[in-house]
Every structure is written in C-alpha cells, then in structure tokens.
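Colleague: My structure file protein.cif, mmCIF, C-alpha atoms and all ligand atoms, is below:
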```
data_structure
loop_
_atom_site.label_atom_id
_atom_site.label_comp_id
_atom_site.auth_asym_id
_atom_site.auth_seq_id
_atom_site.Cartn_x
_atom_site.Cartn_y
_atom_site.Cartn_z
CA MET A 253 49.07 -41.51 64.36
CA GLU A 254 47.09 -41.07 67.57
CA GLN A 255 43.82 -42.97 67.80
CA LYS A 256 41.30 -43.12 70.59
CA LYS A 257 41.07 -46.53 72.13
CA ALA A 258 39.07 -47.74 75.11
CA TYR A 259 40.37 -50.26 77.61
CA LYS A 260 37.71 -52.01 79.63
CA TYR A 261 38.31 -53.72 82.96
CA ARG A 262 36.17 -55.30 85.58
CA PHE A 263 36.42 -53.91 89.10
CA TYR A 264 35.07 -54.70 92.54
CA PRO A 265 33.92 -51.63 94.48
CA SER A 266 33.93 -51.43 98.27
CA ASP A 267 30.60 -50.93 100.02
CA GLU A 268 31.30 -47.23 100.34
CA GLN A 269 32.21 -46.98 96.65
CA LYS A 270 29.05 -48.91 95.74
CA ARG A 271 27.02 -46.38 97.68
CA ILE A 272 28.68 -43.39 95.97
CA LEU A 273 28.31 -44.99 92.55
CA ALA A 274 24.65 -45.86 93.12
CA GLN A 275 24.00 -42.24 94.05
CA THR A 276 25.94 -40.98 91.02
CA PHE A 277 24.16 -43.35 88.62
CA GLY A 278 20.83 -42.22 90.05
CA CYS A 279 21.67 -38.53 89.61
CA CYS A 280 22.98 -39.07 86.06
CA ARG A 281 19.82 -40.92 85.14
CA TYR A 282 17.68 -38.21 86.72
CA VAL A 283 19.53 -35.43 84.86
CA TYR A 284 19.42 -37.30 81.55
CA ASN A 285 15.69 -37.93 81.82
CA TRP A 286 15.02 -34.40 83.05
CA ALA A 287 16.92 -32.90 80.10
CA LEU A 288 15.19 -35.22 77.65
CA ARG A 289 11.85 -33.99 78.95
CA GLN A 290 13.06 -30.35 78.73
CA ARG A 291 14.18 -30.75 75.14
CA THR A 292 11.07 -32.62 74.06
CA ASP A 293 8.72 -30.12 75.71
CA ALA A 294 10.61 -27.12 74.34
CA TYR A 295 10.23 -28.51 70.88
CA TYR A 296 6.60 -29.58 71.02
CA GLN A 297 5.31 -26.68 73.10
CA HIS A 298 7.36 -23.80 71.72
CA GLY A 299 8.96 -25.16 68.55
CA GLU A 300 12.32 -24.44 70.13
CA ARG A 301 15.45 -26.58 69.85
CA LEU A 302 17.58 -26.87 72.96
CA TYR A 303 21.21 -27.93 72.80
CA TYR A 304 23.83 -28.99 75.28
CA GLU A 305 24.65 -25.40 76.32
CA HIS A 306 21.01 -24.61 77.13
CA THR A 307 20.50 -27.71 79.21
CA ALA A 308 23.81 -27.11 81.01
CA GLN A 309 22.66 -23.61 82.01
CA ARG A 310 19.33 -24.98 83.19
CA LEU A 311 21.11 -27.68 85.19
CA VAL A 312 22.90 -24.99 87.22
CA ARG A 313 19.49 -23.56 88.15
CA LEU A 314 18.04 -27.01 88.81
CA LYS A 315 20.75 -27.74 91.37
CA LYS A 316 19.77 -24.61 93.31
CA GLN A 317 16.13 -25.64 93.61
CA GLN A 318 15.01 -26.92 97.02
CA ASP A 319 13.61 -30.27 95.85
CA THR A 320 16.61 -31.24 93.73
CA VAL A 321 19.39 -29.90 95.89
CA TRP A 322 20.60 -33.49 96.41
CA LEU A 323 22.14 -33.36 92.92
CA LYS A 324 24.95 -31.37 94.54
CA GLU A 325 25.99 -34.38 96.60
CA VAL A 326 27.65 -36.12 93.67
CA SER A 327 30.46 -34.98 91.39
CA SER A 328 29.14 -32.45 88.87
CA VAL A 329 31.24 -33.83 86.01
CA PRO A 330 29.24 -37.02 85.29
CA LEU A 331 26.05 -34.93 85.33
CA GLN A 332 27.37 -32.64 82.60
CA GLN A 333 28.53 -35.71 80.77
CA ALA A 334 25.00 -37.14 80.92
CA LEU A 335 23.84 -33.99 79.11
CA ARG A 336 26.55 -34.51 76.50
CA ASN A 337 25.44 -38.11 76.02
CA LEU A 338 21.88 -36.94 75.49
CA ASP A 339 23.17 -34.38 72.98
CA ARG A 340 24.87 -37.17 71.08
CA ALA A 341 21.69 -39.29 71.18
CA PHE A 342 19.80 -36.36 69.64
CA ARG A 343 22.45 -35.84 66.99
CA ASN A 344 22.25 -39.52 66.07
CA PHE A 345 18.49 -39.17 65.83
CA PHE A 346 18.58 -36.02 63.66
CA GLU A 347 21.17 -37.54 61.37
CA GLY A 348 19.10 -40.67 60.87
CA ARG A 349 21.31 -43.13 62.72
CA ALA A 350 19.08 -43.86 65.68
CA ALA A 351 15.56 -43.66 67.03
CA TYR A 352 14.36 -40.81 69.24
CA PRO A 353 16.10 -40.90 72.65
CA THR A 354 14.21 -42.69 75.40
CA PHE A 355 14.17 -42.37 79.17
CA LYS A 356 16.77 -44.30 81.11
CA LYS A 357 15.45 -46.93 83.48
CA LYS A 358 16.71 -47.95 86.86
CA ARG A 359 16.72 -51.62 85.94
CA HIS A 360 18.87 -51.27 82.85
CA GLN A 361 22.61 -50.81 82.64
CA GLN A 362 23.76 -47.79 84.60
CA SER A 363 26.65 -45.58 83.63
CA ALA A 364 28.54 -42.46 84.59
CA THR A 365 31.34 -40.79 82.66
CA TYR A 366 34.11 -38.84 84.35
CA ALA A 367 36.14 -36.33 82.31
CA SER A 368 39.84 -35.91 83.10
CA ASN A 369 39.17 -33.27 85.78
CA ALA A 370 37.19 -35.77 87.84
CA PHE A 371 39.63 -38.61 88.36
CA THR A 372 43.30 -39.24 88.95
CA CYS A 373 45.20 -42.06 87.33
CA ASN A 374 48.71 -42.75 88.59
CA ARG A 375 50.29 -45.89 87.24
CA GLN A 376 47.60 -48.45 88.03
CA ALA A 377 45.70 -46.52 90.67
CA LEU A 378 42.49 -44.95 89.41
CA THR A 379 40.61 -42.78 91.89
CA LEU A 380 37.29 -41.11 91.06
CA ALA A 381 36.04 -37.76 92.34
CA LYS A 382 34.41 -37.93 95.78
CA MET A 383 36.22 -41.18 96.58
CA ASP A 384 39.14 -41.64 98.95
CA ALA A 385 40.56 -44.90 97.69
CA PRO A 386 41.40 -46.15 94.19
CA LEU A 387 39.09 -48.67 92.52
CA SER A 388 40.03 -52.29 92.87
CA ILE A 389 40.51 -53.06 89.19
CA VAL A 390 41.41 -56.39 87.60
CA TRP A 391 44.16 -55.26 85.20
CA HIS A 392 44.02 -58.21 82.82
CA ARG A 393 46.18 -56.19 80.43
CA PRO A 394 48.20 -53.03 81.07
CA LEU A 395 47.35 -49.57 79.80
CA PRO A 396 49.84 -48.41 77.15
CA ASP A 397 52.98 -46.80 78.61
CA GLY A 398 52.83 -43.10 79.32
CA CYS A 399 49.26 -42.63 78.11
CA LYS A 400 46.97 -39.98 79.59
CA PRO A 401 43.37 -41.17 79.94
CA SER A 402 40.97 -38.52 78.63
CA SER A 403 37.85 -39.96 80.23
CA VAL A 404 36.64 -42.85 82.33
CA THR A 405 33.22 -44.48 82.11
CA ILE A 406 31.87 -46.62 84.92
CA THR A 407 29.09 -49.07 84.15
CA LYS A 408 27.07 -51.46 86.22
CA ASP A 409 25.30 -53.98 84.03
CA GLU A 410 22.04 -55.85 84.57
CA ALA A 411 23.95 -58.73 86.09
CA GLU A 412 25.28 -56.27 88.71
CA ARG A 413 28.86 -56.40 87.49
CA TYR A 414 30.99 -53.26 87.55
CA PHE A 415 33.25 -52.22 84.67
CA VAL A 416 35.51 -49.29 84.02
CA SER A 417 36.26 -48.21 80.47
CA ILE A 418 39.33 -45.99 80.15
CA LEU A 419 39.67 -43.89 77.01
CA VAL A 420 43.24 -43.17 75.92
CA GLU A 421 44.97 -41.68 72.92
CA GLU A 422 47.30 -44.25 71.57
CA ASP A 423 49.79 -44.50 68.75
CA ILE A 424 48.60 -47.38 66.61
CA ASN A 425 50.97 -48.53 63.93
CA VAL A 426 49.48 -48.91 60.48
CA LEU A 427 49.88 -52.47 59.23
CA GLU A 428 52.04 -53.21 56.23
CA VAL A 429 50.15 -53.10 52.95
CA THR A 430 49.06 -56.49 51.68
CA PRO A 431 47.73 -57.34 48.21
CA LYS A 432 44.94 -59.48 49.66
CA MET A 433 41.33 -58.42 49.27
CA VAL A 434 38.20 -60.17 50.40
CA GLY A 435 34.44 -60.05 49.99
CA LEU A 436 32.22 -61.03 52.90
CA ASP A 437 28.73 -62.37 52.83
CA LEU A 438 26.55 -62.67 55.85
CA GLY A 439 25.16 -66.13 56.18
CA LEU A 440 22.66 -67.61 58.54
CA LYS A 441 24.23 -71.03 58.82
CA SER A 442 27.69 -69.53 59.00
CA MET A 443 28.18 -66.04 60.30
CA VAL A 444 30.64 -64.95 57.64
CA ILE A 445 31.46 -66.49 54.28
CA THR A 446 34.52 -65.11 52.50
CA SER A 447 35.00 -64.88 48.74
CA ASP A 448 37.94 -67.28 48.94
CA GLY A 449 35.57 -69.96 50.18
CA HIS A 450 36.13 -69.94 53.94
CA THR A 451 33.23 -70.08 56.30
CA HIS A 452 33.52 -68.76 59.78
CA GLY A 453 31.24 -70.80 61.91
CA ASN A 454 27.99 -69.57 63.21
CA PRO A 455 28.58 -69.79 66.89
CA LYS A 456 24.92 -69.67 67.78
CA PHE A 457 25.65 -68.59 71.27
CA ALA A 458 22.08 -67.88 72.18
CA ALA A 459 20.97 -71.23 70.78
CA ARG A 460 23.45 -73.06 72.97
CA ASP A 461 22.24 -71.46 76.14
CA GLU A 462 18.68 -71.04 74.99
CA LYS A 463 17.27 -73.89 77.03
CA LYS A 464 18.83 -72.60 80.19
CA LEU A 465 17.63 -69.12 79.45
CA ALA A 466 14.07 -70.21 78.67
CA GLN A 467 13.96 -72.13 81.93
CA ALA A 468 15.25 -69.16 83.91
CA GLN A 469 12.71 -66.90 82.22
CA ARG A 470 9.85 -69.24 83.08
CA ARG A 471 10.96 -69.36 86.69
CA HIS A 472 11.16 -65.59 86.79
CA ALA A 473 7.65 -65.21 85.38
CA LYS A 474 6.20 -67.50 88.05
CA LYS A 475 7.57 -65.58 91.00
CA LYS A 476 5.35 -63.16 92.84
CA LYS A 477 5.76 -59.56 91.69
CA GLY A 478 7.84 -57.42 94.00
CA SER A 479 9.14 -60.42 95.94
CA GLN A 480 12.75 -61.06 96.87
CA ASN A 481 12.69 -64.32 94.92
CA ARG A 482 11.57 -62.54 91.79
CA ALA A 483 14.49 -60.15 92.06
CA LYS A 484 16.86 -63.10 92.40
CA ALA A 485 15.31 -64.85 89.39
CA ARG A 486 15.62 -61.67 87.36
CA LEU A 487 19.31 -61.45 88.18
CA LYS A 488 19.76 -65.01 87.01
CA VAL A 489 18.13 -64.24 83.66
CA ALA A 490 20.31 -61.14 83.31
CA ARG A 491 23.48 -63.13 84.06
CA LEU A 492 22.65 -65.67 81.34
CA HIS A 493 21.98 -62.91 78.82
CA LYS A 494 25.32 -61.31 79.65
CA LYS A 495 27.17 -64.58 79.37
CA ILE A 496 25.79 -65.13 75.90
CA ALA A 497 26.61 -61.56 74.84
CA ASP A 498 30.16 -61.74 76.22
CA ARG A 499 30.91 -64.92 74.37
CA ARG A 500 29.56 -63.54 71.13
CA ARG A 501 31.53 -60.29 71.42
CA ASP A 502 34.69 -62.20 72.12
CA TYR A 503 34.25 -64.29 68.99
CA GLN A 504 33.46 -61.26 66.83
CA GLN A 505 36.47 -59.34 68.12
CA LYS A 506 38.82 -62.15 67.22
CA LEU A 507 37.29 -62.66 63.78
CA SER A 508 37.19 -58.96 62.86
CA THR A 509 40.82 -58.49 63.92
CA ARG A 510 41.87 -61.47 61.86
CA ILE A 511 40.03 -60.34 58.71
CA ILE A 512 41.43 -56.80 58.98
CA ARG A 513 44.98 -58.04 59.60
CA GLU A 514 44.90 -60.42 56.63
CA ASN A 515 43.28 -58.16 54.03
CA GLN A 516 43.92 -54.70 52.61
CA VAL A 517 40.39 -54.23 51.32
CA VAL A 518 37.27 -55.74 52.83
CA CYS A 519 34.03 -55.51 50.85
CA LEU A 520 30.66 -56.20 52.37
CA GLU A 521 26.99 -55.51 51.96
CA SER A 522 25.41 -52.80 54.03
CA LEU A 523 22.57 -54.87 55.36
CA GLN A 524 19.96 -52.93 57.16
CA VAL A 525 19.46 -55.29 60.00
CA LYS A 526 16.74 -53.08 61.41
CA HIS A 527 14.51 -53.90 58.45
CA MET A 528 15.45 -57.53 58.26
CA VAL A 529 14.61 -58.10 61.89
CA LYS A 530 11.01 -57.32 61.03
CA ASN A 531 10.95 -60.53 59.02
CA HIS A 532 10.08 -63.05 61.72
CA CYS A 533 11.73 -66.17 60.37
CA LEU A 534 15.04 -64.42 59.98
CA ALA A 535 14.75 -62.13 62.95
CA LYS A 536 16.10 -64.38 65.62
CA ALA A 537 18.96 -65.78 63.59
CA ILE A 538 20.12 -62.33 62.50
CA SER A 539 20.02 -60.67 65.86
CA ASP A 540 21.80 -63.74 67.21
CA VAL A 541 24.59 -63.35 64.70
CA GLY A 542 25.01 -59.65 65.50
CA TRP A 543 26.08 -58.53 62.05
CA SER A 544 25.89 -54.79 62.62
CA GLU A 545 28.21 -54.96 65.63
CA PHE A 546 30.61 -57.02 63.57
CA VAL A 547 30.62 -54.45 60.75
CA ARG A 548 31.21 -51.67 63.28
CA GLN A 549 34.29 -53.52 64.57
CA LEU A 550 35.63 -54.02 61.06
CA GLU A 551 35.25 -50.30 60.34
CA TYR A 552 37.04 -48.96 63.37
CA LYS A 553 39.81 -51.52 63.09
CA ALA A 554 40.24 -50.59 59.42
CA ASP A 555 40.71 -46.99 60.58
CA TRP A 556 43.32 -48.03 63.12
CA TYR A 557 45.36 -50.22 60.85
CA GLY A 558 45.10 -48.41 57.52
CA ARG A 559 42.77 -50.84 55.82
CA THR A 560 39.74 -50.09 53.68
CA VAL A 561 36.17 -51.25 54.23
CA VAL A 562 33.86 -50.86 51.25
CA LYS A 563 30.14 -51.16 51.76
CA ILE A 564 27.95 -51.86 48.78
CA ASP A 565 24.27 -51.26 48.29
CA LYS A 566 22.18 -53.89 50.00
CA TRP A 567 19.98 -54.11 46.91
CA TYR A 568 22.84 -55.31 44.78
CA PRO A 569 21.78 -58.84 43.69
CA SER A 570 24.83 -60.56 45.12
CA SER A 571 23.14 -63.91 45.69
CA LYS A 572 21.17 -64.08 42.46
CA ARG A 573 23.98 -63.02 40.16
CA CYS A 574 26.22 -65.65 38.56
CA PHE A 575 29.79 -64.61 39.31
CA ASP A 576 31.14 -66.31 36.19
CA CYS A 577 28.88 -64.92 33.47
CA GLY A 578 26.84 -62.20 35.15
CA HIS A 579 23.47 -63.83 34.56
CA ILE A 580 20.90 -62.73 37.13
CA LEU A 581 18.23 -65.15 38.33
CA ASP A 582 14.65 -63.94 38.71
CA SER A 583 14.43 -65.37 42.18
CA LEU A 584 16.38 -67.52 44.57
CA SER A 585 14.65 -68.66 47.72
CA LEU A 586 16.49 -68.64 51.03
CA ASP A 587 16.60 -72.40 51.48
CA VAL A 588 18.51 -72.99 48.22
CA ARG A 589 22.11 -73.59 49.27
CA SER A 590 23.54 -74.23 45.81
CA TRP A 591 22.35 -73.62 42.27
CA THR A 592 23.38 -74.14 38.64
CA CYS A 593 23.57 -71.15 36.33
CA PRO A 594 21.13 -71.66 33.42
CA GLU A 595 23.36 -69.50 31.21
CA CYS A 596 26.85 -70.93 31.67
CA GLY A 597 26.22 -74.12 33.66
CA VAL A 598 28.55 -73.35 36.58
CA VAL A 599 27.41 -74.81 39.90
CA HIS A 600 27.48 -72.23 42.68
CA ASP A 601 27.55 -72.48 46.42
CA ARG A 602 25.03 -69.81 47.30
CA ASP A 603 27.09 -67.96 49.87
CA ILE A 604 30.51 -68.20 48.26
CA ASN A 605 29.09 -66.94 44.95
CA ALA A 606 27.53 -64.03 46.83
CA ALA A 607 30.80 -63.21 48.59
CA LYS A 608 32.65 -63.21 45.25
CA ASN A 609 30.09 -60.80 43.79
CA VAL A 610 30.40 -58.56 46.83
CA LEU A 611 34.17 -58.42 46.37
CA ALA A 612 33.87 -57.58 42.64
CA ALA A 613 31.28 -54.88 43.27
CA GLY A 614 33.25 -53.46 46.17
CA LEU A 615 36.44 -53.26 44.14
CA ALA A 616 34.60 -51.42 41.38
CA VAL A 617 33.47 -48.89 43.95
CA ALA A 618 36.89 -48.57 45.55
CA ALA A 619 38.81 -48.31 42.28
CA CYS A 620 37.00 -45.49 40.54
CA GLY A 621 34.23 -44.44 42.89
CA GLU A 622 31.85 -46.13 40.48
CA ALA A 623 28.39 -46.61 41.84
CA VAL A 624 26.99 -50.11 41.57
CA ARG A 625 23.64 -48.44 41.71
CA PRO A 626 23.90 -44.68 41.26
CA GLY A 627 23.43 -42.67 44.41
CA ALA A 628 23.05 -45.69 46.61
CA VAL A 629 26.61 -46.62 47.34
CA LYS A 630 28.39 -45.61 50.45
CA THR A 631 32.06 -46.22 50.88
CA LYS A 632 34.02 -45.92 54.02
CA SER A 633 37.70 -45.94 53.66
CA GLY A 634 40.32 -45.96 56.32
CA LYS A 635 43.33 -45.30 54.17
CA PRO A 636 42.66 -42.00 52.38
CA GLN A 637 41.65 -40.37 55.68
CA ARG A 638 44.86 -41.49 57.21
CA SER A 639 47.09 -40.19 54.41
CA ARG A 640 45.24 -36.88 54.40
CA LYS A 641 45.89 -36.31 58.05
CA ALA A 642 49.48 -37.43 57.76
CA SER A 643 50.24 -34.87 55.08
CA GLN A 644 48.96 -31.94 57.13
ZN ZN B 1 26.60 -68.15 34.68
#
```
Do you think you could lay out the structure here as structure tokens?
Ligand SMILES: [Zn+2]
Modeller:
Amino acid sequence: MEQKKAYKYRFYPSDEQKRILAQTFGCCRYVYNWALRQRTDAYYQHGERLYYEHTAQRLVRLKKQQDTVWLKEVSSVPLQQALRNLDRAFRNFFEGRAAYPTFKKKRHQQSATYASNAFTCNRQALTLAKMDAPLSIVWHRPLPDGCKPSSVTITKDEAERYFVSILVEEDINVLEVTPKMVGLDLGLKSMVITSDGHTHGNPKFAARDEKKLAQAQRRHAKKKKGSQNRAKARLKVARLHKKIADRRRDYQQKLSTRIIRENQVVCLESLQVKHMVKNHCLAKAISDVGWSEFVRQLEYKADWYGRTVVKIDKWYPSSKRCFDCGHILDSLSLDVRSWTCPECGVVHDRDINAAKNVLAAGLAVAACGEAVRPGAVKTKSGKPQRSRKASQ
C-alpha cells in the first residue's frame, strides 16, 4: 500500500541559490500575509468567506499591479502553494484543531514548497525552478528506488540552516501481527511509562542545556537593539534552541518506532496539552517532554505499519483508579508516587497503575466500540482503514 512519506535532508546553497531562495521566501511570506489579510477583511467587512480559488484569482491580478510586479521574479508555484498552506491553516482553525492563522514573520522559519512542475529530480540531483544547478544536498540516506517525488519543501530555520523535505509515495510493508498490546501513561519524571512496567527516561533535553541557553539569552538581551552583535547573539540563542529540539525529536522518533514495532495495539490518554500548559508548575515540564508530537508520531506510524492507536478520554480516572479492584480514590496529588488501595490493599506505583488502566480502557474501546465515557471517546485505528482500502 502506497503511503506518503517525507525525507528530510540538509543542504548547503551557493550564494546565488541563497539569493534566489531569500527572494522566494520573501514573496511567499508576502503572499501568505496578503491573502490572510484579504480573507480576514472579506469576512469581517462583508461577511464573505474566501477560499483558495478566490485568493488564487486575486493573486493573478496582484502580480499585474505596478507596486507588486516583483512577485513575478520568482517561480509562481511556491506562491500558489503559500495560498494552499493558508487554506489548510484556515481549515484547521474551522475544524477546531488550531488557532486562527497568524502573519508570518521574517525572523521565524522560512519555507517554500515546490510542486512537481517546479523542480526536476534525477537520481540524486534536485534542481529547483529558476535555478541552474542542483542543490548540494547531504544524502545521509537514499530516497527509495524508483520513487517520484510529488513535492519539495525548502526551509531555512532560525539558526540559518537549510533543509529540503522531499515528499514521496512509498510502498510500506505492514508489519506482521503481534499479540502484544500496551498502555502508555505520560509521566513527568519519565516521559513514557508502559503498562508492563517499563519507563522510558525523561531526557530533559531543555534542562540539560538550560544553563547555556539562559546565559545566551541574557547576553542577547544586553546587546544594543539593531546592532550587529545583537544579531549574532540572537543566532546563538536560536542555534541552542534548535539543538535541543533536534535531540528531542530524535529520541521521540526512536521510541515511537520501537513501541509501534513491538505492539499491535497502543492505548493512551488524549491529553490536551494546550490546557495543561496553562498550569504553571506543569507547563515547563510538559512542553519539554513534547507529548503531543510523540502521539502524532505514534499515529502516523500506526497507519504505516498496520497497528492501532486507541485514545481514551482524558477525564478517565486512570491514576486514581485501582487496577486490581476498581476502587477510585477521591483525590491523588501529583507528588504521590505510590499508594496503597484502601479497598484491596495492593500497593501501586502511580504511573504503572495508570498505564495498566489506560490499556484496559483502551481495549474496551477497541473491542466493542464501547465508550469509557459516552460521547467522549475518540478512537483512531490504523488497521481497519488499511483493510478497507485493500478490499477496494
Ligand atoms: Zn484495590
């Protein structure tokens, strides 16, 4: 079964390529922000909803105007793609997955997406529209044989590093079915606790580099605004941030792959990190751990490999419920690491007990679609989708 998969590589542009990319990023940002303004104004001033098609038509007119004629100097494909990205941001907003789209800033990560008509990719030579030479890419792993990239996204991050992400359709083999199932609980001391009693360390990446980062931030704050030194200090802060993020993502990727490979069904709580981050004591630890990104990885890997991820209601009392007898405590404060059930006398490790409850609740949901709390359970399953498509 064909799945979309992105391969990301670092590359080092020539000065000429840097110039073209800078211009393209600038135009994409301009078009994105312009269209966001158009859509917002249309709605608030005329109660009208604009979609991709409308903004694409208006873009054609915009490029003919005297003061924005410079938009014609870059490839038109990434500009249309910027409108599509905005369309997706709006869809995510309307469907409750994200906040209202915001303007893109020059200082943040820059990106430009090229559809298949705006680049050529022969073996390992990738050349973008308006460029003469292929990008100098570090191919740390090869693209799958005979694949046809459907789009290419170029990014330049805050630490001024360039990456290319190549989207390909790839045949991913479903893993052999295994009887193993697991419940996961999100911990603060350990990132993931599994129902079979394993803890996967909390690699507090930010904490490790926190001192360095704090020092760099102080130095940055002291520099005179607009000075060359301030720009340098800002870059240093950005590099540290990126280093921390890279290390965290690497760890999460390895762990999510391992959990999906080893288990047929993975049950977890759908924590709404957004709300938990508002709680100050927990905020830092939770955003450090990056739970939501981890869950996202588990879900798409489950889709690839024919596994099932079951999410249970975050209000299910997984920590307070005794796994052995079902007794539910009135309260259990966060600092209590282990407790004794007043009903049956079993001593519980807080997190392992929670993970066991998550697994039991998740299996109930997966087995018969039973709601742990009616109307509040969402399940996401990789397997049924796969078999449906296969039978068509
Ligand atoms: Zn009990």
Colleague: Place a sphere of radius 10 Å on (30.2, -56.8, 86.0) in the file coordinates and name every protein, DNA or RNA residue with an atom inside or on its surface, counting only C-alpha atoms; give the answer as a PyMOL selection string.
Modeller: chain A and resi 261-264+407-416+491+494
Colleague: So which residues are near ligand ZN 1 (chain B), meaning at most 6 Å away with only C-alpha atoms and all ligand atoms counted, given back as number ranges by chain?
Modeller: A: 574, 576-579, 593, 595-596, 598
Colleague: List as a ChimeraX atom specification the residues having at least one atom at most 10 Å from position (40.2, -63.1, 51.1) as given in the file, counting all atoms listed in the file.
Modeller: /A:431-436,445-450,511,514-519,607-608,611
Colleague: Between A:Arg301, A:Lys382, A:Lys315, A:Arg501, single out the one closest to A:Phe346, counting all atoms listed in the file.
Modeller: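 The shortest atom-to-atom distance to A:Phe346 comes from A:Arg301.
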Colleague: Can you tell me, as JSON, the centre and edge lengths (Å, one decimal) of the axis-aligned box enclosing all of stretch 326-338 of chain A's listed atoms after padding each side by 3 Å?
Modeller:
```
{"center_x": 26.6, "center_y": -35.3, "center_z": 84.6, "size_x": 15.4, "size_y": 11.7, "size_z": 24.2}
```
Colleague: Separation of atom CA of A:Ile512 and atom CA of A:Tyr557, in Å?
Modeller: 7.9 Å
Colleague: Mind pulling up the distance from atom CA of A:Ala381 to atom CA of A:Ser327?
Modeller: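 Pair atom CA of A:Ser327 / atom CA of A:Ala381 returns 6.3 Å.
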Colleague: Under the rule that all atoms listed in the file are counted, which of A:Glu300, A:Met443, A:Val489, A:Arg471 is the nearest residue to A:Tyr503?
Modeller: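 Using all atoms listed in the file, the shortest distance to A:Tyr503 belongs to A:Met443.
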Colleague: Can you work out which one of A:Asp397, A:Glu521, A:Asp339, A:Asp582 has the shortest atom-to-atom distance to A:Leu438, counting all atoms listed in the file?
Modeller: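 Between A:Asp397, A:Glu521, A:Asp339, A:Asp582, the residue approaching A:Leu438 most closely is A:Glu521.
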Colleague: Between A:Tyr296, A:Ala258, A:Asp498, A:Arg486, single out the one closest to A:Ile418, counting all atoms listed in the file.
Modeller: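 Comparing A:Tyr296, A:Ala258, A:Asp498, A:Arg486 against A:Ile418, the winner is A:Ala258.
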Colleague: For atom CA of A:Arg349 and atom CA of A:Ala308, quote the distance in Å rounded to one decimal.
Modeller: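 Those two atoms sit 24.4 Å apart.
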Colleague: Which residue, A:Lys324, A:Val283, A:Thr292, A:Lys270, has the smallest gap to A:Arg336 when you use all atoms listed in the file?
Modeller: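 Comparing A:Lys324, A:Val283, A:Thr292, A:Lys270 against A:Arg336, the winner is A:Val283.
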Colleague: Quick one: of A:Ile272, A:Val404, A:Ala613, A:Ile424, who's nearest to A:Asp565, counting only C-alpha atoms?
Modeller: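 Of the candidates, the smallest distance to A:Asp565 is held by A:Ala613.
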